[in-house]
>>> print(open('model-v5.cif').read())   # mmCIF, C-alpha atoms
data_run
loop_
_atom_site.label_atom_id
_atom_site.label_comp_id
_atom_site.auth_asym_id
_atom_site.auth_seq_id
_atom_site.Cartn_x
_atom_site.Cartn_y
_atom_site.Cartn_z
CA MET A 569 -8.76 0.56 26.07
CA LYS A 570 -9.53 -3.07 25.14
CA SER A 571 -12.65 -3.29 23.05
CA GLU A 572 -14.85 -6.37 22.77
CA LYS A 573 -16.17 -5.11 19.46
CA ASN A 574 -13.93 -4.70 16.47
CA ILE A 575 -13.40 -1.34 14.84
CA SER A 576 -14.04 -1.64 11.12
CA LEU A 577 -13.12 1.09 8.67
CA ILE A 578 -15.08 1.27 5.43
CA GLY A 579 -14.94 3.72 2.57
CA PHE A 580 -13.68 4.18 -0.94
CA MET A 581 -10.11 3.39 -1.99
CA GLY A 582 -7.84 6.26 -1.07
CA ALA A 583 -10.00 7.41 1.85
CA GLY A 584 -7.31 6.33 4.33
CA LYS A 585 -8.59 3.05 5.75
CA THR A 586 -5.22 1.29 5.83
CA VAL A 587 -3.00 4.13 7.07
CA VAL A 588 -5.59 5.26 9.62
CA GLY A 589 -6.29 1.66 10.67
CA LYS A 590 -2.60 0.93 11.30
CA GLU A 591 -2.13 4.08 13.38
CA LEU A 592 -5.39 3.54 15.29
CA ALA A 593 -4.44 -0.07 16.11
CA ASN A 594 -1.01 1.12 17.19
CA GLN A 595 -2.45 3.76 19.54
CA LEU A 596 -5.03 1.36 20.99
CA ASN A 597 -2.52 -1.51 21.21
CA LEU A 598 -4.81 -3.71 19.10
CA GLU A 599 -4.15 -6.04 16.20
CA PHE A 600 -4.56 -4.48 12.74
CA VAL A 601 -6.14 -6.55 9.96
CA ASP A 602 -6.29 -5.47 6.32
CA LEU A 603 -8.85 -7.57 4.44
CA ASP A 604 -7.21 -6.99 1.05
CA SER A 605 -3.81 -8.09 2.43
CA LEU A 606 -5.37 -11.27 3.86
CA ILE A 607 -6.87 -12.07 0.45
CA GLU A 608 -3.57 -11.40 -1.32
CA ALA A 609 -1.71 -13.63 1.14
CA ARG A 610 -4.20 -16.45 0.74
CA GLU A 611 -4.21 -16.26 -3.06
CA LYS A 612 -0.47 -15.52 -3.28
CA MET A 613 -1.09 -12.71 -5.77
CA PRO A 614 -2.03 -9.03 -5.73
CA ILE A 615 -5.68 -8.04 -5.98
CA SER A 616 -5.14 -6.53 -9.42
CA GLU A 617 -3.99 -9.97 -10.60
CA ILE A 618 -6.94 -11.71 -8.92
CA PHE A 619 -9.28 -9.34 -10.78
CA ALA A 620 -7.43 -9.94 -14.09
CA LYS A 621 -7.20 -13.73 -13.80
CA GLU A 622 -10.36 -14.67 -11.91
CA GLY A 623 -12.66 -11.65 -12.21
CA GLU A 624 -14.43 -9.45 -9.70
CA PRO A 625 -17.11 -12.04 -8.70
CA TYR A 626 -14.37 -14.45 -7.58
CA PHE A 627 -12.68 -11.66 -5.62
CA ARG A 628 -15.97 -10.71 -3.92
CA LYS A 629 -16.47 -14.35 -2.89
CA LEU A 630 -13.01 -14.39 -1.27
CA GLU A 631 -13.74 -11.06 0.38
CA LYS A 632 -16.95 -12.42 1.90
CA GLU A 633 -15.08 -15.44 3.31
CA MET A 634 -12.50 -13.11 4.87
CA VAL A 635 -15.17 -10.86 6.40
CA ASN A 636 -16.82 -13.90 7.99
CA LYS A 637 -13.46 -15.09 9.32
CA VAL A 638 -12.29 -11.71 10.64
CA CYS A 639 -15.64 -10.98 12.29
CA GLN A 640 -15.03 -13.97 14.56
CA SER A 641 -12.14 -12.03 16.12
CA GLN A 642 -12.64 -9.57 18.94
CA GLY A 643 -10.99 -6.24 19.57
CA VAL A 644 -9.18 -5.84 16.25
CA VAL A 645 -9.01 -2.89 13.87
CA ILE A 646 -10.12 -3.92 10.39
CA ALA A 647 -9.46 -2.03 7.14
CA CYS A 648 -12.07 -3.23 4.65
CA GLY A 649 -11.81 -3.12 0.90
CA GLY A 650 -13.77 -0.32 -0.74
CA GLY A 651 -16.43 -2.61 -2.19
CA VAL A 652 -16.97 -4.80 0.87
CA VAL A 653 -20.25 -2.98 1.61
CA LEU A 654 -21.83 -4.05 -1.69
CA ASP A 655 -22.67 -7.41 -0.12
CA LYS A 656 -25.56 -7.09 2.33
CA GLU A 657 -24.28 -9.96 4.49
CA ASN A 658 -20.84 -8.36 4.75
CA LEU A 659 -22.40 -5.13 5.93
CA GLN A 660 -24.62 -6.91 8.48
CA ASN A 661 -21.72 -8.99 9.75
CA LEU A 662 -19.46 -5.96 10.14
CA LYS A 663 -22.17 -3.90 11.86
CA GLN A 664 -22.95 -6.75 14.25
CA ASN A 665 -19.33 -7.35 15.23
CA SER A 666 -17.81 -3.87 14.90
CA ARG A 667 -18.11 -0.22 15.49
CA LEU A 668 -18.39 0.64 11.83
CA ILE A 669 -16.72 3.88 10.75
CA TYR A 670 -17.06 5.31 7.26
CA LEU A 671 -13.99 7.22 6.13
CA LYS A 672 -15.36 9.52 3.49
CA ALA A 673 -13.44 11.56 0.93
CA SER A 674 -14.48 13.60 -2.09
CA ALA A 675 -14.03 12.19 -5.60
CA GLU A 676 -11.43 14.87 -6.32
CA VAL A 677 -9.38 13.99 -3.22
CA ILE A 678 -9.63 10.27 -3.98
CA PHE A 679 -8.42 10.88 -7.52
CA GLU A 680 -5.45 12.91 -6.26
CA ARG A 681 -4.56 10.23 -3.71
CA THR A 682 -4.83 7.31 -6.14
CA LYS A 683 -3.81 8.69 -9.55
CA ASN A 684 -0.22 7.39 -9.38
CA GLN A 685 -1.10 3.97 -7.98
CA THR A 686 -1.08 0.99 -10.31
CA HIS A 687 -2.67 -1.59 -7.96
CA ARG A 688 -6.25 -0.28 -8.31
CA PRO A 689 -8.00 -2.52 -10.89
CA LEU A 690 -11.30 -0.62 -10.75
CA LEU A 691 -9.49 2.59 -11.75
CA ASP A 692 -7.58 1.04 -14.64
CA VAL A 693 -9.93 2.77 -17.09
CA GLU A 694 -9.85 5.58 -19.65
CA LYS A 695 -11.32 8.22 -17.31
CA PRO A 696 -10.55 7.26 -13.70
CA LYS A 697 -11.97 10.50 -12.26
CA VAL A 698 -15.35 9.77 -13.86
CA ARG A 699 -15.18 6.16 -12.64
CA ILE A 700 -14.47 7.31 -9.08
CA ALA A 701 -17.52 9.61 -9.13
CA GLN A 702 -19.72 6.79 -10.51
CA LEU A 703 -18.56 4.24 -7.93
CA LEU A 704 -18.87 6.71 -5.06
CA LYS A 705 -22.45 7.51 -6.05
CA LEU A 706 -23.25 3.79 -6.26
CA ARG A 707 -21.64 2.93 -2.91
CA GLU A 708 -22.64 5.98 -0.84
CA PRO A 709 -25.98 4.48 0.34
CA PHE A 710 -24.06 1.46 1.66
CA TYR A 711 -21.23 3.44 3.25
CA THR A 712 -23.66 5.69 5.11
CA GLN A 713 -25.05 2.70 7.00
CA ALA A 714 -21.94 2.91 9.18
CA ASP A 715 -22.29 3.94 12.82
CA TYR A 716 -20.08 6.99 12.27
CA THR A 717 -18.78 9.02 9.33
CA ILE A 718 -15.55 11.00 9.22
CA ASP A 719 -14.68 13.11 6.18
CA THR A 720 -10.96 12.60 5.63
CA SER A 721 -10.70 14.94 2.62
CA LYS A 722 -8.96 17.76 4.51
CA LEU A 723 -7.55 15.80 7.47
CA ASP A 724 -4.21 14.10 8.02
CA VAL A 725 -3.89 10.63 9.55
CA ASP A 726 -3.40 11.90 13.12
CA GLU A 727 -6.48 14.11 12.89
CA VAL A 728 -8.62 11.21 11.67
CA VAL A 729 -7.28 8.89 14.39
CA SER A 730 -7.98 11.57 16.98
CA LYS A 731 -11.59 11.85 15.80
CA ILE A 732 -12.03 8.07 15.99
CA LEU A 733 -10.55 7.93 19.49
CA LYS A 734 -13.01 10.63 20.55
CA ILE A 735 -15.90 8.59 19.09
CA LEU A 736 -14.74 5.45 20.91
CA LYS A 737 -14.69 7.26 24.25
CA GLU A 738 -18.33 8.35 23.90
#
>>> encode(input="model-v5.cif", output="structure tokens")
Amino acid sequence: MKSEKNISLIGFMGAGKTVVGKELANQLNLEFVDLDSLIEAREKMPISEIFAKEGEPYFRKLEKEMVNKVCQSQGVVIACGGGVVLDKENLQNLKQNSRLIYLKASAEVIFERTKNQTHRPLLDVEKPKVRIAQLLKLREPFYTQADYTIDTSKLDVDEVVSKILKILKE
């Protein structure tokens, strides 16, 4: 099933965008693009280091450039960074060029999935669980502008991919 439009996955860190995106691209025989990986490759450093050295505004500028670049592609599966939706132009660009799917997960599930990861600069705080809840509340109005929402809290990768494939056939 070759798609003219891209399939873009948005949602909070730990919601499954990368693992689901890779498997979805594999099943659809499409290219998989991870925006964060593109940024890391371009800057030759991990995102946590970009945040530490250059700050979040610099990272968001890079992210916007990557969104613009990737949206020129056709028929790719894109895993977006969790905060990509905070920029109105990013959201418009993704919606225009993609079937936009919000992978949603509860704050508790996100905490469980991310608590042992050290590459999450926004969670490098005293109370990460509280921070997750705050960021989710802030971002939810942006995430819900997606064309479709799938709650990944109680689903494994194959179940999420199966739901997306069903959506794409409609």
>>> resolve_selection(input="model-v5.cif", expression="the PyMOL selection byres ((chain A and resi 731) around 12)", output="PyMOL selection string")
chain A and resi 588+592+669+671+716-720+723-730+732-738
>>> write_last_selection(input="model-v5.cif", atoms="C-alpha atoms", output="compact mmCIF listing (two decimals), keeping the file's coordinate frame")
# COMPACT_ATOMS: atom_id res chain seq x y z
CA VAL A 588 -5.59 5.26 9.62
CA LEU A 592 -5.39 3.54 15.29
CA ILE A 669 -16.72 3.88 10.75
CA LEU A 671 -13.99 7.22 6.13
CA TYR A 716 -20.08 6.99 12.27
CA THR A 717 -18.78 9.02 9.33
CA ILE A 718 -15.55 11.00 9.22
CA ASP A 719 -14.68 13.11 6.18
CA THR A 720 -10.96 12.60 5.63
CA LEU A 723 -7.55 15.80 7.47
CA ASP A 724 -4.21 14.10 8.02
CA VAL A 725 -3.89 10.63 9.55
CA ASP A 726 -3.40 11.90 13.12
CA GLU A 727 -6.48 14.11 12.89
CA VAL A 728 -8.62 11.21 11.67
CA VAL A 729 -7.28 8.89 14.39
CA SER A 730 -7.98 11.57 16.98
CA ILE A 732 -12.03 8.07 15.99
CA LEU A 733 -10.55 7.93 19.49
CA LYS A 734 -13.01 10.63 20.55
CA ILE A 735 -15.90 8.59 19.09
CA LEU A 736 -14.74 5.45 20.91
CA LYS A 737 -14.69 7.26 24.25
CA GLU A 738 -18.33 8.35 23.90
>>> atom_distance(input="model-v5.cif", atom1="CA of Ile678 (chain A)", atom2="CA of Gln702 (chain A)")
12.5 Å
>>> residues_around(input="model-v5.cif", residues="Asp655 (chain A)", least_positions_apart="5", cutoff="9 Å", atoms="all atoms listed in the file", output="PyMOL selection string")
chain A and resi 628+632+660
>>> closest_atom_pairs(input="model-v5.cif", of="region 705-730 of chain A", to="region 648-652 of chain A", cutoff="10 Å", atoms="all atoms listed in the file", output="Markdown table")
| residue | atom | partner | partner_atom | distance |
| --- | --- | --- | --- | --- |
| A:Arg707 | CA | A:Gly651 | CA | 7.6 |
| A:Phe710 | CA | A:Gly651 | CA | 9.5 |
| A:Tyr711 | CA | A:Gly650 | CA | 9.3 |
>>> write_last_selection(input="model-v5.cif", atoms="C-alpha atoms", output="PDB file, keeping the file's coordinate frame")
ATOM      1  CA  ARG A 707     -21.640   2.930  -2.910  1.00  0.00           C
ATOM      2  CA  PHE A 710     -24.060   1.460   1.660  1.00  0.00           C
ATOM      3  CA  TYR A 711     -21.230   3.440   3.250  1.00  0.00           C
TER       4      TYR A 711
END
>>> atom_distance(input="model-v5.cif", atom1="CA of Glu676 (chain A)", atom2="CA of Gly584 (chain A)")
14.3 Å
>>> residues_around(input="model-v5.cif", residues="Arg610 (chain A)", least_positions_apart="6", cutoff="10 Å", atoms="all atoms listed in the file", output="VMD selection string")
chain A and resid 604 630 634
>>> closest_residue(input="model-v5.cif", among="A:Lys705, A:Lys722, A:Pro614, A:Asn597", to="Arg681 (chain A)", atoms="only C-alpha atoms")
A:Lys722
>>> residues_around(input="model-v5.cif", residues="Glu657 (chain A)", least_positions_apart="6", cutoff="12 Å", atoms="only C-alpha atoms", output="list in words")
Arg628, Lys629, Glu631, Lys632, Glu633, Val635, Asn636, Cys639, Lys663, Gln664 and Phe710 of chain A
>>> atom_distance(input="model-v5.cif", atom1="CA of Ala701 (chain A)", atom2="CA of Ala673 (chain A)")
11.0 Å
>>> closest_residue(input="model-v5.cif", among="A:Ala593, A:Leu577, A:Ile646, A:Ala714", to="Leu606 (chain A)", atoms="all atoms listed in the file")
A:Ile646
>>> resolve_selection(input="model-v5.cif", expression="the PyMOL selection byres ((chain A and resi 574-576) around 8)", output="list in words")
Ser571, Glu572, Lys573, Leu577, Ile578, Cys639, Ser641, Gln642, Gly643, Val644, Val645, Ile646, Ala647, Cys648, Leu662, Asn665, Ser666, Arg667, Leu668 and Ile669 of chain A
>>> closest_residue(input="model-v5.cif", among="A:Ala583, A:Val698, A:Val677, A:Val638", to="Ile607 (chain A)", atoms="only C-alpha atoms")
A:Val638
>>> closest_residue(input="model-v5.cif", among="A:Ser616, A:Thr586, A:Asn594, A:Ser605", to="Asp692 (chain A)", atoms="all atoms listed in the file")
A:Ser616
>>> axis_aligned_box(input="model-v5.cif", around="region 713-717 of chain A", padding_each_side="6 Å", output="lines of an AutoDock Vina configuration file")
center_x = -21.9
center_y = 5.9
center_z = 9.9
size_x = 18.3
size_y = 18.3
size_z = 17.8
>>> closest_residue(input="model-v5.cif", among="A:Val601, A:Met581, A:Val587, A:Leu596", to="Glu680 (chain A)", atoms="only C-alpha atoms")
A:Met581
